[in-house]
$ cat model_27.csv   # CSV, C-alpha atoms
chain,number,residue,atom,x,y,z
A,1,MET,CA,-22.5,-20.9,13.1
A,2,LYS,CA,-21.7,-17.8,15.1
A,3,ASN,CA,-20.1,-19.7,18.0
A,4,LEU,CA,-18.0,-21.8,15.5
A,5,ASN,CA,-16.9,-18.7,13.7
A,6,THR,CA,-16.0,-17.0,17.0
A,7,ALA,CA,-14.0,-20.1,18.1
A,8,LEU,CA,-12.2,-20.3,14.8
A,9,GLY,CA,-11.5,-16.6,15.0
A,10,GLU,CA,-10.0,-16.9,18.4
A,11,GLU,CA,-7.9,-19.9,17.3
A,12,LEU,CA,-6.7,-17.9,14.3
A,13,ARG,CA,-5.9,-14.9,16.4
A,14,SER,CA,-3.9,-17.1,18.8
A,15,HIS,CA,-2.1,-18.7,15.9
A,16,ILE,CA,-1.0,-15.4,14.4
A,17,ILE,CA,0.1,-14.1,17.8
A,18,ALA,CA,2.2,-17.3,18.3
A,19,GLU,CA,3.7,-17.1,14.8
A,20,SER,CA,4.4,-13.4,15.2
A,21,GLY,CA,6.2,-14.2,18.5
A,22,ARG,CA,8.4,-16.7,16.7
A,23,GLN,CA,9.6,-14.2,14.1
A,24,SER,CA,13.3,-13.2,14.5
A,25,LYS,CA,14.1,-9.8,16.0
A,26,GLU,CA,15.4,-8.9,12.5
A,27,ARG,CA,12.1,-9.7,10.9
A,28,LYS,CA,10.0,-7.9,13.5
A,29,LEU,CA,12.2,-4.8,13.0
A,30,LYS,CA,11.9,-5.1,9.2
A,31,ASN,CA,8.1,-5.2,9.5
A,32,GLU,CA,8.1,-1.9,11.4
A,33,LEU,CA,10.6,-0.3,9.0
A,34,LEU,CA,8.6,-1.3,6.0
A,35,ALA,CA,5.5,0.2,7.6
A,36,ILE,CA,7.3,3.6,7.9
A,37,LYS,CA,8.6,3.3,4.3
A,38,TYR,CA,5.0,2.6,3.0
A,39,GLU,CA,3.8,5.6,5.1
A,40,MET,CA,6.4,7.8,3.4
A,41,GLN,CA,5.3,6.6,0.0
A,42,ASP,CA,1.7,7.3,0.7
A,43,TYR,CA,2.5,10.7,2.1
A,44,ALA,CA,4.5,11.7,-0.9
A,45,ARG,CA,1.7,10.6,-3.3
A,46,ASN,CA,-1.2,12.2,-1.4
A,47,GLU,CA,-2.3,15.6,-2.7
A,48,ASN,CA,-4.6,16.4,0.1
A,49,ILE,CA,-2.7,16.3,3.4
A,50,GLU,CA,-4.1,17.9,6.5
A,51,ASN,CA,-1.0,17.9,8.6
A,52,GLU,CA,2.3,18.6,6.8
A,53,LEU,CA,5.2,16.2,7.7
A,54,HIS,CA,8.8,16.8,7.1
A,55,ILE,CA,11.7,14.5,6.5
A,56,LEU,CA,12.5,14.9,10.2
A,57,ASP,CA,9.1,13.4,11.2
A,58,PHE,CA,9.9,10.2,9.2
A,59,VAL,CA,13.5,10.1,10.4
A,60,LYS,CA,12.2,10.3,14.0
A,61,LYS,CA,9.9,7.3,13.4
A,62,TYR,CA,12.8,5.3,11.9
A,63,LEU,CA,15.1,6.3,14.8
A,64,LYS,CA,12.5,5.5,17.4
A,65,THR,CA,12.1,2.0,15.9
A,66,LEU,CA,15.9,1.5,15.8
A,67,ASN,CA,16.3,2.9,19.3
A,68,LEU,CA,18.9,5.5,18.0
A,69,THR,CA,19.3,9.2,18.6
A,70,GLN,CA,19.5,11.9,16.0
A,71,SER,CA,22.9,12.8,17.4
A,72,LYS,CA,24.1,9.2,16.7
A,73,LEU,CA,22.7,9.5,13.2
A,74,ALA,CA,24.6,12.8,12.6
A,75,SER,CA,27.8,11.1,13.9
A,76,VAL,CA,27.3,8.1,11.5
A,77,PHE,CA,26.8,10.6,8.7
A,78,GLU,CA,29.9,12.5,9.7
A,79,MET,CA,27.9,15.7,10.2
A,80,GLU,CA,27.3,18.2,12.9
A,81,SER,CA,24.0,17.5,14.6
A,82,PRO,CA,22.5,21.0,14.2
A,83,ASN,CA,23.5,20.9,10.6
A,84,LEU,CA,21.8,17.6,10.0
A,85,HIS,CA,18.7,18.9,11.8
A,86,LYS,CA,18.4,21.8,9.4
A,87,TYR,CA,18.3,19.5,6.4
A,88,LEU,CA,15.8,17.2,8.1
A,89,LYS,CA,13.6,20.1,9.2
A,90,GLY,CA,13.5,21.5,5.6
A,91,GLU,CA,15.5,24.6,6.4
A,92,ARG,CA,18.0,23.4,3.9
A,93,LYS,CA,17.3,21.5,0.7
A,94,LEU,CA,18.4,17.9,0.6
A,95,ASN,CA,21.5,17.1,-1.5
A,96,PRO,CA,22.4,13.8,-3.2
A,97,ASP,CA,25.1,13.0,-0.6
A,98,LEU,CA,22.6,13.2,2.3
A,99,VAL,CA,19.8,11.4,0.4
A,100,LEU,CA,22.1,8.5,-0.4
A,101,LYS,CA,23.2,8.3,3.2
A,102,LEU,CA,19.6,8.3,4.4
A,103,SER,CA,18.5,5.7,1.8
A,104,SER,CA,21.5,3.5,2.6
A,105,PHE,CA,21.0,3.7,6.4
A,106,PHE,CA,17.2,3.1,6.4
A,107,HIS,CA,17.2,0.7,3.4
A,108,THR,CA,14.9,2.8,1.2
A,109,ASN,CA,15.2,3.9,-2.4
A,110,PRO,CA,16.9,7.3,-2.6
A,111,GLU,CA,14.1,9.0,-4.5
A,112,ILE,CA,11.5,8.7,-1.8
A,113,TRP,CA,13.3,11.4,0.3
A,114,TYR,CA,13.1,13.8,-2.6
A,115,TYR,CA,9.5,12.9,-3.2
A,116,VAL,CA,8.6,13.9,0.4
A,117,GLN,CA,10.4,17.2,0.1
A,118,THR,CA,8.9,18.0,-3.3
A,119,SER,CA,5.4,17.0,-2.3
A,120,ASN,CA,5.5,19.5,0.5
A,121,GLU,CA,6.7,22.2,-1.9
A,122,LEU,CA,4.0,21.3,-4.5
A,123,ARG,CA,1.3,21.6,-1.8
A,124,LYS,CA,2.6,25.0,-0.8
A,125,LEU,CA,2.6,26.0,-4.5
A,126,LYS,CA,-1.0,24.8,-4.9
A,127,GLU,CA,-2.0,27.0,-1.9
A,128,ALA,CA,-0.2,30.0,-3.3
A,129,GLN,CA,-1.8,29.5,-6.7
A,130,LYS,CA,-5.1,30.6,-5.1
A,131,ASN,CA,-3.7,34.1,-5.4
A,132,LYS,CA,-2.7,33.7,-9.0
A,133,GLY,CA,-4.1,37.1,-9.9
A,134,GLU,CA,-1.3,38.8,-7.9
A,135,TYR,CA,1.3,37.3,-10.3
A,136,ALA,CA,-0.4,38.3,-13.6
A,137,LYS,CA,1.9,41.4,-13.7
A,138,TYR,CA,4.9,39.1,-14.0
A,139,ASP,CA,4.5,38.6,-17.7
A,140,TYR,CA,7.1,39.3,-20.4
A,141,ASN,CA,4.3,40.8,-22.6
A,142,GLU,CA,4.4,43.7,-20.3
A,143,TYR,CA,8.1,44.4,-21.0
A,144,VAL,CA,8.8,43.3,-24.5
A,145,GLU,CA,7.8,45.1,-27.6
A,146,ILE,CA,6.6,42.8,-30.2
A,147,THR,CA,6.7,44.4,-33.7
B,1,MET,CA,-1.7,3.7,-6.0
B,2,TYR,CA,0.0,3.2,-9.3
B,3,VAL,CA,0.5,-0.3,-10.4
B,4,LYS,CA,1.1,-2.3,-13.6
B,5,ILE,CA,-1.0,-5.1,-15.0
B,6,LEU,CA,-0.4,-7.3,-17.9
B,7,GLU,CA,-2.4,-6.8,-21.1
B,8,VAL,CA,-2.5,-10.5,-22.3
B,9,LYS,CA,-3.0,-9.7,-26.0
B,10,SER,CA,0.2,-7.6,-26.4
B,11,ASN,CA,2.0,-9.3,-23.4
B,12,LYS,CA,2.9,-5.8,-22.2
B,13,LEU,CA,2.5,-4.2,-18.8
B,14,VAL,CA,0.0,-1.3,-18.8
B,15,ASP,CA,-0.4,1.5,-16.3
B,16,ALA,CA,-3.2,1.0,-13.8
B,17,GLN,CA,-4.3,2.4,-10.4
B,18,ILE,CA,-5.8,1.0,-7.3
B,19,ILE,CA,-8.3,3.6,-6.1
B,20,GLU,CA,-10.9,3.9,-3.4
B,21,GLY,CA,-14.0,2.4,-4.9
B,22,LYS,CA,-16.7,5.0,-5.4
B,23,GLU,CA,-20.2,3.6,-5.1
B,24,ARG,CA,-21.2,4.5,-8.7
B,25,MET,CA,-18.4,2.5,-10.2
B,26,LEU,CA,-18.6,-0.6,-8.0
B,27,PRO,CA,-19.8,-3.8,-9.8
B,28,GLY,CA,-22.3,-6.4,-8.8
B,29,ILE,CA,-23.9,-9.6,-9.8
B,30,GLN,CA,-25.8,-8.0,-12.6
B,31,GLU,CA,-22.5,-7.2,-14.3
B,32,GLY,CA,-21.5,-10.9,-14.1
B,33,TRP,CA,-19.4,-10.6,-10.9
B,34,ARG,CA,-19.7,-13.2,-8.1
B,35,PHE,CA,-19.8,-10.7,-5.4
B,36,ASN,CA,-22.0,-7.6,-5.1
B,37,PHE,CA,-19.3,-5.1,-4.3
B,38,PHE,CA,-21.7,-2.2,-4.7
B,39,LYS,CA,-23.9,-3.6,-1.8
B,40,ARG,CA,-21.0,-4.9,0.4
B,41,SER,CA,-19.1,-1.6,0.2
B,42,LYS,CA,-21.9,-0.1,2.3
B,43,SER,CA,-21.3,-2.4,5.2
B,44,LYS,CA,-20.3,-0.5,8.4
B,45,ASP,CA,-17.7,-2.9,9.7
B,46,HIS,CA,-14.4,-1.0,9.3
B,47,SER,CA,-14.2,-2.1,5.6
B,48,ASN,CA,-12.7,-0.2,2.7
B,49,THR,CA,-13.4,-1.0,-0.9
B,50,TYR,CA,-10.8,-0.6,-3.6
B,51,ALA,CA,-11.1,-0.9,-7.4
B,52,LEU,CA,-8.3,-1.5,-9.9
B,53,VAL,CA,-8.7,0.5,-13.1
B,54,VAL,CA,-6.4,1.0,-16.1
B,55,GLU,CA,-5.1,4.5,-16.7
B,56,GLN,CA,-6.5,4.6,-20.2
B,57,ASN,CA,-10.0,3.7,-19.2
B,58,LYS,CA,-10.9,4.4,-15.6
B,59,GLU,CA,-14.5,3.7,-16.2
B,60,ILE,CA,-14.0,-0.1,-16.3
B,61,VAL,CA,-13.2,-1.9,-13.1
B,62,GLU,CA,-10.6,-4.6,-13.6
B,63,GLY,CA,-10.8,-6.0,-10.1
B,64,CYS,CA,-12.2,-5.3,-6.7
B,65,LEU,CA,-11.0,-5.7,-3.1
B,66,ILE,CA,-12.8,-5.2,0.2
B,67,TYR,CA,-10.3,-5.0,3.0
B,68,ARG,CA,-11.3,-5.1,6.6
B,69,MET,CA,-9.6,-4.5,10.0
B,70,LYS,CA,-11.1,-7.1,12.3
B,71,LYS,CA,-11.5,-5.7,15.8
B,72,ALA,CA,-9.7,-2.7,14.4
B,73,ILE,CA,-6.3,-4.5,14.6
B,74,GLU,CA,-6.4,-7.6,12.4
B,75,PRO,CA,-5.9,-7.2,8.7
B,76,TYR,CA,-8.3,-9.3,6.6
B,77,ILE,CA,-9.4,-9.6,3.0
B,78,ALA,CA,-13.2,-9.8,3.1
B,79,TYR,CA,-13.6,-10.1,-0.7
B,80,VAL,CA,-11.4,-10.0,-3.7
B,81,GLU,CA,-12.4,-10.7,-7.3
B,82,VAL,CA,-11.2,-9.9,-10.8
B,83,ALA,CA,-13.6,-8.7,-13.4
B,84,PRO,CA,-15.4,-11.4,-15.6
B,85,HIS,CA,-13.4,-10.2,-18.6
B,86,ASN,CA,-10.2,-11.0,-16.8
B,87,LYS,CA,-11.1,-14.6,-16.1
B,88,GLY,CA,-10.6,-17.7,-18.2
B,89,ILE,CA,-8.6,-18.4,-21.4
B,90,HIS,CA,-9.8,-15.2,-23.1
B,91,LYS,CA,-8.9,-12.9,-20.2
B,92,ILE,CA,-7.9,-9.4,-21.2
B,93,HIS,CA,-5.6,-8.6,-18.2
B,94,ASP,CA,-3.5,-10.6,-15.9
B,95,ARG,CA,-1.8,-9.7,-12.6
B,96,VAL,CA,-5.0,-8.0,-11.4
B,97,ALA,CA,-5.5,-10.4,-8.4
B,98,GLY,CA,-1.8,-10.3,-7.6
B,99,CYS,CA,-1.8,-6.5,-7.5
B,100,LEU,CA,-4.9,-6.4,-5.2
B,101,ILE,CA,-3.6,-9.1,-2.8
B,102,ALA,CA,-0.2,-7.4,-2.6
B,103,PHE,CA,-2.0,-4.1,-2.0
B,104,ALA,CA,-3.9,-5.7,0.9
B,105,CYS,CA,-0.6,-7.0,2.2
B,106,ARG,CA,0.8,-3.5,2.1
B,107,LEU,CA,-2.3,-2.3,4.1
B,108,SER,CA,-1.6,-5.0,6.6
B,109,PHE,CA,1.8,-3.4,7.3
B,110,LEU,CA,0.3,0.1,7.5
B,111,MET,CA,-2.8,-0.7,9.6
B,112,GLY,CA,-2.0,-4.0,11.4
B,113,LYS,CA,-1.3,-3.4,15.0
B,114,ASP,CA,1.2,-5.1,17.4
B,115,HIS,CA,1.4,-8.8,16.6
B,116,PHE,CA,-0.8,-8.4,13.5
B,117,MET,CA,1.5,-6.0,11.7
B,118,GLY,CA,2.1,-7.4,8.2
B,119,TRP,CA,-0.1,-10.5,8.7
B,120,LEU,CA,-3.0,-10.9,6.4
B,121,ALA,CA,-5.8,-13.5,6.6
B,122,PHE,CA,-8.6,-14.4,4.3
B,123,ASP,CA,-11.2,-17.2,3.8
B,124,VAL,CA,-11.6,-19.4,0.8
B,125,LEU,CA,-15.3,-20.3,0.5
B,126,GLU,CA,-16.5,-22.2,-2.6
B,127,GLU,CA,-19.6,-24.3,-3.3
B,128,SER,CA,-17.6,-27.5,-3.5
B,129,LYS,CA,-14.8,-28.9,-1.4
B,130,GLU,CA,-12.9,-29.6,-4.6
B,131,ASP,CA,-13.0,-26.0,-5.7
B,132,GLU,CA,-11.9,-24.9,-2.2
B,133,VAL,CA,-8.9,-27.2,-2.3
B,134,ARG,CA,-8.0,-26.2,-5.9
B,135,LEU,CA,-8.2,-22.5,-5.0
B,136,MET,CA,-6.2,-22.9,-1.7
B,137,ASN,CA,-3.5,-24.6,-3.7
B,138,LEU,CA,-3.5,-21.7,-6.2
B,139,TYR,CA,-3.2,-19.1,-3.4
B,140,SER,CA,-0.5,-21.1,-1.8
B,141,LYS,CA,1.6,-21.5,-5.0
B,142,LYS,CA,1.0,-18.1,-6.5
B,143,TYR,CA,0.6,-15.8,-3.5
B,144,TYR,CA,2.6,-17.7,-0.8
B,145,ALA,CA,-0.5,-18.1,1.4
B,146,GLN,CA,-0.4,-20.8,4.1
B,147,ARG,CA,-3.4,-22.7,5.1
B,148,PHE,CA,-4.4,-22.5,8.8
B,149,GLY,CA,-4.7,-26.0,10.0
B,150,GLN,CA,-7.5,-27.9,8.2
B,151,THR,CA,-9.7,-24.8,7.8
B,152,THR,CA,-10.4,-22.8,4.7
B,153,THR,CA,-8.6,-19.8,6.2
B,154,MET,CA,-5.4,-18.7,4.7
B,155,ILE,CA,-2.6,-16.5,6.0
B,156,ILE,CA,0.1,-14.5,4.3
B,157,SER,CA,3.1,-13.8,6.6
B,158,PRO,CA,4.9,-10.4,6.6
B,159,GLU,CA,7.9,-12.0,4.9
B,160,ASN,CA,5.7,-13.3,2.0
B,161,GLY,CA,3.7,-10.1,2.0
B,162,GLU,CA,6.9,-8.2,1.4
B,163,LYS,CA,7.7,-10.5,-1.5
B,164,LEU,CA,4.3,-9.9,-3.1
B,165,ILE,CA,4.6,-6.2,-2.7
B,166,GLU,CA,8.0,-6.2,-4.4
B,167,GLU,CA,6.7,-8.5,-7.2
B,168,TYR,CA,3.4,-6.7,-7.9
B,169,LEU,CA,3.6,-3.1,-6.6
B,170,GLU,CA,7.2,-2.0,-7.0
B,171,THR,CA,7.6,-2.6,-10.8
B,172,ASN,CA,7.2,1.1,-11.1
B,173,SER,CA,10.4,1.9,-9.1

$ encode --input "model_27.csv" --output "structure tokens"
Amino acid sequence: MKNLNTALGEELRSHIIAESGRQSKERKLKNELLAIKYEMQDYARNENIENELHILDFVKKYLKTLNLTQSKLASVFEMESPNLHKYLKGERKLNPDLVLKLSSFFHTNPEIWYYVQTSNELRKLKEAQKNKGEYAKYDYNEYVEIT
Amino acid sequence: MYVKILEVKSNKLVDAQIIEGKERMLPGIQEGWRFNFFKRSKSKDHSNTYALVVEQNKEIVEGCLIYRMKKAIEPYIAYVEVAPHNKGIHKIHDRVAGCLIAFACRLSFLMGKDHFMGWLAFDVLEESKEDEVRLMNLYSKKYYAQRFGQTTTMIISPENGEKLIEEYLETNS
């Protein structure tokens, strides 16, 4: 039974490799782009991340798959490359115009880019909340007379 | 992962989640399931066990999936089953199997390597040949799976996996 299973396993493996090879270039590219999209979705939903990723990290994955440079992307977006880099690195907040360009270019829904940005901010907030005591003094009760 | 399944009585979609199966929640034969997910989840063969639960009652498992990466690169569904109360004409929820299979397709994109990215395989093993054929026809029609030759192995291609993911997992967006 084990030899039969092994033989069937090898045949199946060869079959998938052959079918995969017959996929169009467009389909193979789409598979890789979908994998990045799902990775972004999972990252944005995960509350416990060990290594923080930025929009830039996902854009780099997309660009590597598409064999394009960040400069080319900036040019397509009609932006200066250093300016685009600041947004992608998180030094500047995303705006709707850039989000729509990213989602249109990479074929994603627009919200996912905001989810990645927000999830990073929420994780930082969660970390800062460990020092909640320091913020107790910022309470209107300290400053407002209630008669 | 947040998903929506159909509550048959009201014909409304209800919020649910596919979560990593914790041992204490996994069902077995004693609860009327065919497969012992509690026991099989302990197998050390690159498997992960997932349970589908509704948001309103996370204590009840609506369906289970054991997903495996064969030789660490080939996506494979080892076991998938919906809860006894979701089978037959009096079933409480529908779309459970679809959500779990689509979830496995999604994992095949995330974890499948090289030629296997997006390809998902599984075996249909029943007591009678008749049941095997009936079930393979169902998987083919409902989940776009293709039979591998004359075997009881079925394959879902990346193109069809993407369709299932859109149909079952992206109703939230």

$ residues_around --input "model_27.csv" --residues "Gly118 (chain B)" --least-positions-apart "4" --cutoff "12 Å" --atoms "all atoms listed in the file" --output "PyMOL selection string"
(chain A and resi 16-17+19-20+23+27-35+38) or (chain B and resi 73-76+102-114+155-165)

$ closest_residue --input "model_27.csv" --among "A:Ile112, A:Gln70, A:Asn95, A:Ser81" --to "chain B" --atoms "only C-alpha atoms"
A:Ile112

$ atom_distance --input "model_27.csv" --atom1 "CA of Arg24 (chain B)" --atom2 "CA of Gln56 (chain B)"
18.7 Å

$ residues_around --input "model_27.csv" --residues "region 96-110 of chain A" --least-positions-apart "4" --cutoff "10 Å" --atoms "only C-alpha atoms" --output "compact mmCIF listing (two decimals) with C-alpha atoms, in the frame of the given file"
# COMPACT_ATOMS: atom_id res chain seq x y z
CA LYS A 30 11.90 -5.10 9.20
CA LEU A 33 10.60 -0.30 9.00
CA LEU A 34 8.60 -1.30 6.00
CA LYS A 37 8.60 3.30 4.30
CA VAL A 59 13.50 10.10 10.40
CA TYR A 62 12.80 5.30 11.90
CA LEU A 63 15.10 6.30 14.80
CA LEU A 66 15.90 1.50 15.80
CA LEU A 73 22.70 9.50 13.20
CA VAL A 76 27.30 8.10 11.50
CA PHE A 77 26.80 10.60 8.70
CA MET A 79 27.90 15.70 10.20
CA LEU A 84 21.80 17.60 10.00
CA TYR A 87 18.30 19.50 6.40
CA LEU A 88 15.80 17.20 8.10
CA TYR A 114 13.10 13.80 -2.60
CA TYR A 115 9.50 12.90 -3.20
CA SER B 173 10.40 1.90 -9.10

$ residues_around --input "model_27.csv" --residues "Ile55 (chain A)" --least-positions-apart "2" --cutoff "10 Å" --atoms "all atoms listed in the file" --output "JSON list (two decimals) with C-alpha atoms, keeping the file's coordinate frame"
[["chain", "number", "residue", "atom", "x", "y", "z"],
["A", 40, "MET", "CA", 6.40, 7.80, 3.40],
["A", 53, "LEU", "CA", 5.20, 16.20, 7.70],
["A", 57, "ASP", "CA", 9.10, 13.40, 11.20],
["A", 58, "PHE", "CA", 9.90, 10.20, 9.20],
["A", 59, "VAL", "CA", 13.50, 10.10, 10.40],
["A", 60, "LYS", "CA", 12.20, 10.30, 14.00],
["A", 85, "HIS", "CA", 18.70, 18.90, 11.80],
["A", 87, "TYR", "CA", 18.30, 19.50, 6.40],
["A", 88, "LEU", "CA", 15.80, 17.20, 8.10],
["A", 89, "LYS", "CA", 13.60, 20.10, 9.20],
["A", 90, "GLY", "CA", 13.50, 21.50, 5.60],
["A", 94, "LEU", "CA", 18.40, 17.90, 0.60],
["A", 113, "TRP", "CA", 13.30, 11.40, 0.30],
["A", 114, "TYR", "CA", 13.10, 13.80, -2.60],
["A", 116, "VAL", "CA", 8.60, 13.90, 0.40],
["A", 117, "GLN", "CA", 10.40, 17.20, 0.10],
["A", 120, "ASN", "CA", 5.50, 19.50, 0.50]]

$ atom_distance --input "model_27.csv" --atom1 "CA of Asn86 (chain B)" --atom2 "CA of Ile5 (chain B)"
11.1 Å

$ closest_residue --input "model_27.csv" --among "B:Arg134, B:Lys71, B:His85, B:Arg95" --to "chain A" --atoms "only C-alpha atoms"
B:Lys71

$ atom_distance --input "model_27.csv" --atom1 "CA of Glu111 (chain A)" --atom2 "CA of Cys99 (chain B)"
22.4 Å

$ residues_around --input "model_27.csv" --residues "Ile66 (chain B)" --least-positions-apart "6" --cutoff "7 Å" --atoms "only C-alpha atoms" --output "NGL selection string"
:B and (47-50 or 77-80)

$ residues_around --input "model_27.csv" --residues "region 7-10 of chain B" --least-positions-apart "6" --cutoff "7 Å" --atoms "only C-alpha atoms" --output "list of chain:residue names"
B:Ile92, B:His93, B:Asp94

$ closest_residue --input "model_27.csv" --among "B:Leu125, B:Met117, B:Val53, B:Val133" --to "chain A" --atoms "all atoms listed in the file"
B:Met117

$ closest_residue --input "model_27.csv" --among "B:Gln30, B:Lys142, B:Thr152, B:Glu59" --to "Glu130 (chain B)" --atoms "all atoms listed in the file"
B:Thr152
